[in-house]
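Shown next: work-v4.txt, given as compact mmCIF, C-alpha atoms.
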# COMPACT_ATOMS: atom_id res chain seq x y z
CA MET A 21 7.53 15.18 -53.46
CA ASN A 22 6.92 18.49 -51.77
CA LEU A 23 8.06 18.95 -48.17
CA THR A 24 7.88 22.51 -46.86
CA ILE A 25 9.29 23.50 -43.49
CA HIS A 26 7.73 26.49 -41.70
CA PRO A 27 9.22 28.51 -38.83
CA ASP A 28 6.37 27.68 -36.46
CA GLY A 29 7.32 24.00 -36.11
CA ARG A 30 5.26 22.64 -38.97
CA ALA A 31 6.33 20.54 -41.89
CA VAL A 32 3.77 20.20 -44.68
CA TRP A 33 3.95 17.23 -47.00
CA ASN A 34 1.21 16.29 -49.50
CA ASN A 35 -1.31 18.44 -47.56
CA ARG A 36 -0.40 16.64 -44.34
CA VAL A 37 0.91 18.69 -41.42
CA MET A 38 3.62 17.16 -39.26
CA ARG A 39 5.45 18.53 -36.25
CA CYS A 40 9.12 19.39 -36.81
CA ALA A 41 12.05 20.97 -35.03
CA VAL A 42 14.42 23.53 -36.55
CA GLY A 43 17.61 25.19 -35.35
CA ARG A 44 17.89 26.74 -31.91
CA SER A 45 18.27 30.16 -33.55
CA GLY A 46 15.28 29.66 -35.85
CA LEU A 47 15.38 30.10 -39.59
CA SER A 48 18.25 32.05 -41.11
CA THR A 49 18.72 33.89 -44.37
CA ASN A 50 22.36 34.52 -43.42
CA LYS A 51 23.54 31.10 -42.21
CA ARG A 52 27.00 30.80 -40.64
CA GLU A 53 28.83 27.82 -39.16
CA GLY A 54 27.81 27.21 -35.56
CA ASP A 55 25.07 29.86 -35.41
CA GLY A 56 22.29 27.34 -34.71
CA GLY A 57 20.18 28.63 -37.59
CA THR A 58 18.36 26.53 -40.14
CA PRO A 59 19.06 27.93 -43.61
CA VAL A 60 16.16 29.28 -45.66
CA GLY A 61 15.84 28.09 -49.26
CA ASP A 62 15.04 25.13 -51.49
CA PHE A 63 17.55 22.34 -51.07
CA PRO A 64 17.94 19.13 -53.07
CA VAL A 65 17.98 15.82 -51.26
CA ARG A 66 21.32 14.06 -51.77
CA GLU A 67 21.41 10.70 -49.97
CA VAL A 68 20.15 8.72 -47.00
CA PHE A 69 22.10 7.21 -44.11
CA TYR A 70 20.61 4.86 -41.54
CA ARG A 71 21.61 2.86 -38.46
CA ALA A 72 21.41 -0.76 -39.60
CA ASP A 73 21.73 -1.90 -35.99
CA ARG A 74 18.47 -0.09 -35.19
CA LEU A 75 16.47 0.12 -38.43
CA ALA A 76 15.93 -1.92 -41.56
CA ARG A 77 17.16 -0.39 -44.80
CA PRO A 78 14.55 2.24 -45.64
CA PRO A 79 12.70 1.92 -48.92
CA THR A 80 13.89 4.89 -50.96
CA LYS A 81 14.92 5.77 -54.50
CA LEU A 82 17.78 7.93 -53.16
CA PRO A 83 21.32 6.64 -52.72
CA CYS A 84 21.24 4.93 -49.33
CA ARG A 85 23.80 3.28 -47.10
CA PRO A 86 24.16 2.11 -43.52
CA LEU A 87 26.24 4.21 -41.18
CA GLN A 88 29.51 2.78 -39.89
CA ASP A 89 31.34 3.51 -36.63
CA ALA A 90 33.99 5.48 -38.52
CA ASP A 91 31.52 7.85 -40.24
CA GLY A 92 31.80 11.54 -39.45
CA TRP A 93 31.00 14.87 -41.09
CA CYS A 94 33.55 17.70 -41.14
CA ASP A 95 32.31 21.02 -39.72
CA ASP A 96 35.71 22.76 -39.58
CA PRO A 97 35.74 25.68 -42.07
CA ALA A 98 39.55 25.64 -42.10
CA ASP A 99 39.71 22.02 -43.25
CA PRO A 100 39.63 21.11 -46.97
CA ARG A 101 37.02 18.42 -46.17
CA TYR A 102 34.58 21.02 -44.79
CA ASN A 103 30.93 20.03 -45.20
CA ARG A 104 31.84 16.56 -46.42
CA PRO A 105 31.83 13.08 -44.94
CA VAL A 106 35.04 12.10 -43.16
CA THR A 107 36.45 8.90 -41.73
CA LEU A 108 37.04 8.87 -37.99
CA PRO A 109 39.29 9.44 -36.23
CA CYS A 110 39.58 12.91 -37.71
CA ALA A 111 41.72 15.72 -36.30
CA ALA A 112 39.43 18.42 -37.71
CA SER A 113 36.21 19.41 -35.94
CA HIS A 114 33.47 17.00 -36.96
CA GLU A 115 30.18 15.36 -36.07
CA GLU A 116 30.00 11.67 -35.28
CA MET A 117 27.27 10.13 -37.41
CA MET A 118 26.74 7.05 -35.19
CA ARG A 119 25.03 8.99 -32.42
CA ARG A 120 23.88 7.21 -29.29
CA ASP A 121 20.79 9.40 -28.87
CA GLY A 122 19.02 8.07 -31.98
CA LEU A 123 18.77 11.42 -33.75
CA TYR A 124 20.82 10.12 -36.68
CA ASP A 125 19.16 6.71 -36.89
CA LEU A 126 17.77 7.97 -40.21
CA VAL A 127 19.34 10.95 -41.98
CA VAL A 128 18.69 12.69 -45.29
CA VAL A 129 21.61 14.84 -46.42
CA LEU A 130 20.37 18.14 -47.82
CA GLY A 131 22.25 19.90 -50.60
CA TYR A 132 23.08 23.00 -48.57
CA ASN A 133 26.42 24.75 -49.16
CA ASP A 134 27.73 21.89 -51.25
CA ASP A 135 27.77 23.16 -54.84
CA PRO A 136 30.14 24.88 -54.36
CA ILE A 137 31.15 24.56 -50.72
CA VAL A 138 31.96 27.92 -49.13
CA ALA A 139 33.93 27.71 -45.88
CA GLY A 140 32.02 29.11 -42.93
CA LEU A 141 28.53 29.18 -44.48
CA GLY A 142 27.35 26.14 -42.56
CA SER A 143 27.69 22.39 -42.75
CA ALA A 144 25.91 19.15 -41.97
CA ILE A 145 22.40 20.38 -42.70
CA PHE A 146 20.32 17.23 -42.47
CA LEU A 147 16.73 16.08 -42.23
CA HIS A 148 16.88 13.69 -39.27
CA VAL A 149 14.97 12.15 -36.37
CA ALA A 150 13.57 14.60 -33.82
CA ALA A 151 14.28 14.37 -30.11
CA PRO A 152 11.29 13.03 -28.14
CA ASP A 153 10.47 16.58 -26.98
CA PHE A 154 11.17 18.11 -30.42
CA ALA A 155 14.02 20.12 -28.94
CA ALA A 156 15.70 22.59 -31.27
CA THR A 157 18.51 21.32 -33.48
CA GLU A 158 21.90 22.83 -34.26
CA GLY A 159 20.55 23.90 -37.67
CA CYS A 160 18.97 20.79 -39.14
CA VAL A 161 15.30 19.95 -39.60
CA ALA A 162 13.98 17.06 -37.52
CA LEU A 163 10.80 14.98 -37.79
CA ALA A 164 9.32 12.19 -35.71
CA LEU A 165 10.84 8.88 -36.83
CA ALA A 166 7.57 7.54 -38.29
CA ASP A 167 7.02 10.76 -40.28
CA LEU A 168 10.63 10.77 -41.48
CA GLN A 169 10.32 7.14 -42.61
CA GLU A 170 7.24 8.03 -44.70
CA VAL A 171 8.99 11.01 -46.24
CA VAL A 172 12.15 9.02 -47.03
CA ALA A 173 10.08 6.32 -48.74
CA ALA A 174 8.54 8.98 -51.00
CA LEU A 175 11.73 10.88 -51.85
CA ARG A 176 13.12 10.65 -55.37
CA PRO A 177 16.31 11.99 -56.93
CA GLY A 178 15.68 15.61 -57.89
CA ASP A 179 13.26 16.26 -54.99
CA ARG A 180 13.81 19.33 -52.87
CA ILE A 181 13.05 20.42 -49.32
CA ALA A 182 11.71 23.98 -49.02
CA ILE A 183 12.49 25.90 -45.84
CA ARG A 184 10.34 29.03 -45.73
CA PRO A 185 10.59 32.09 -43.46
CA GLY A 186 7.56 33.95 -42.21
CA GLU A 187 4.87 31.56 -43.37
CA GLY A 188 2.78 31.10 -40.25
CA ARG A 189 -0.43 29.18 -39.76

I'd like the structure from this file rewritten - as structure tokens, please.
Amino acid sequence: MNLTIHPDGRAVWNNRVMRCAVGRSGLSTNKREGDGGTPVGDFPVREVFYRADRLARPPTKLPCRPLQDADGWCDDPADPRYNRPVTLPCAASHEEMMRRDGLYDLVVVLGYNDDPIVAGLGSAIFLHVAAPDFAATEGCVALALADLQEVVAALRPGDRIAIRPGEGR
């Protein structure tokens, strides 16, 4: 599996070009919490979450589980659970994983800032569903749902997502 994300809104997978969205601040080699940048590098895929009320369980070889109403992700650098899943309600700053807008109907957790976790270097970097207009993300990479479903079906443990700066058309 080889998925490469480029700064010009292209994702290339098995010689196929797909449209993607990246962070509102573009690609970043100096990622910080809340900066809107998508981190540059090669990141392992960790696990898949999906909305069982909207999608069937995706075929994948990765660990996979349906999202629950109480699922969140801590984005508070001062909290010991930073860049980890949390159970809601949660007093620390967090993202709700059961989003109404459909962007987290299918989510691949990327292994960014998780081995080890360094407070403030960024959290919740996911590969997820793009907005209909491919609006910029808060730092994640987003694909059309159909493209993301194909990618998820092909992912295997040990696969990585490459996010590359400066590689134009």

Q | region 59-73 of chain A surroundings by only C-alpha atoms, 6 Å radius, close-in-sequence under 4 positions cut, as an MDAnalysis selection string | A | chainID A and resid 47:49 51 82:87 125:131 179:184

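Proximity to Pro109 (chain A) was assessed for A:Ala31, A:Ala76, A:Leu147, A:Ala90 counting all atoms listed in the file; the smallest distance is recorded for A:Ala90.
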
Q: For Cys40 (chain A), work out the shell of residues within 7 Å, counting all atoms listed in the file and skipping chain neighbours fewer than 6 positions away, then give it as a PyMOL selection string.
A: chain A and resi 29-31+154+161-163

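With distances taken over all atoms listed in the file, A:His148 is the one residue among A:His148, A:Lys81, A:Arg176, A:His114 lying closest to Val42 (chain A).
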
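If you look at CA of Gly122 (chain A) and CA of Tyr102 (chain A), they are 24.0 Å away from each other.
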
Q. Between A:Val37, A:Ala156, A:Ala151, A:Leu123, which one has atoms that come closest to Asn22 (chain A), using only C-alpha atoms?
A. A:Val37

Supply region 172-184 of chain A as a PDB file, in the coordinates of the input, with N, CA and C atoms built in where the input has gaps.
ATOM      1  N   VAL A 172      11.019   9.661 -46.359  1.00  0.00           N
ATOM      2  CA  VAL A 172      12.150   9.020 -47.030  1.00  0.00           C
ATOM      3  C   VAL A 172      11.660   8.027 -48.085  1.00  0.00           C
ATOM      4  N   ALA A 173      10.612   7.293 -47.779  1.00  0.00           N
ATOM      5  CA  ALA A 173      10.080   6.320 -48.740  1.00  0.00           C
ATOM      6  C   ALA A 173       9.537   7.008 -49.994  1.00  0.00           C
ATOM      7  N   ALA A 174       9.104   8.252 -49.855  1.00  0.00           N
ATOM      8  CA  ALA A 174       8.540   8.980 -51.000  1.00  0.00           C
ATOM      9  C   ALA A 174       9.571   9.784 -51.783  1.00  0.00           C
ATOM     10  N   LEU A 175      10.724  10.041 -51.188  1.00  0.00           N
ATOM     11  CA  LEU A 175      11.730  10.880 -51.850  1.00  0.00           C
ATOM     12  C   LEU A 175      12.271  10.227 -53.117  1.00  0.00           C
ATOM     13  N   ARG A 176      12.539  11.067 -54.094  1.00  0.00           N
ATOM     14  CA  ARG A 176      13.120  10.650 -55.370  1.00  0.00           C
ATOM     15  C   ARG A 176      14.281  11.570 -55.699  1.00  0.00           C
ATOM     16  N   PRO A 177      15.249  11.091 -56.471  1.00  0.00           N
ATOM     17  CA  PRO A 177      16.310  11.990 -56.930  1.00  0.00           C
ATOM     18  C   PRO A 177      15.687  13.209 -57.618  1.00  0.00           C
ATOM     19  N   GLY A 178      16.205  14.367 -57.325  1.00  0.00           N
ATOM     20  CA  GLY A 178      15.680  15.610 -57.890  1.00  0.00           C
ATOM     21  C   GLY A 178      14.680  16.306 -56.979  1.00  0.00           C
ATOM     22  N   ASP A 179      14.167  15.619 -55.945  1.00  0.00           N
ATOM     23  CA  ASP A 179      13.260  16.260 -54.990  1.00  0.00           C
ATOM     24  C   ASP A 179      14.005  17.295 -54.172  1.00  0.00           C
ATOM     25  N   ARG A 180      13.230  18.248 -53.656  1.00  0.00           N
ATOM     26  CA  ARG A 180      13.810  19.330 -52.870  1.00  0.00           C
ATOM     27  C   ARG A 180      13.003  19.527 -51.591  1.00  0.00           C
ATOM     28  N   ILE A 181      13.680  20.052 -50.579  1.00  0.00           N
ATOM     29  CA  ILE A 181      13.050  20.420 -49.320  1.00  0.00           C
ATOM     30  C   ILE A 181      13.034  21.950 -49.280  1.00  0.00           C
ATOM     31  N   ALA A 182      11.862  22.525 -49.084  1.00  0.00           N
ATOM     32  CA  ALA A 182      11.710  23.980 -49.020  1.00  0.00           C
ATOM     33  C   ALA A 182      11.641  24.408 -47.562  1.00  0.00           C
ATOM     34  N   ILE A 183      12.501  25.332 -47.184  1.00  0.00           N
ATOM     35  CA  ILE A 183      12.490  25.900 -45.840  1.00  0.00           C
ATOM     36  C   ILE A 183      12.117  27.376 -46.005  1.00  0.00           C
ATOM     37  N   ARG A 184      10.952  27.738 -45.460  1.00  0.00           N
ATOM     38  CA  ARG A 184      10.340  29.030 -45.730  1.00  0.00           C
ATOM     39  C   ARG A 184      10.247  29.920 -44.497  1.00  0.00           C
TER      40      ARG A 184
END
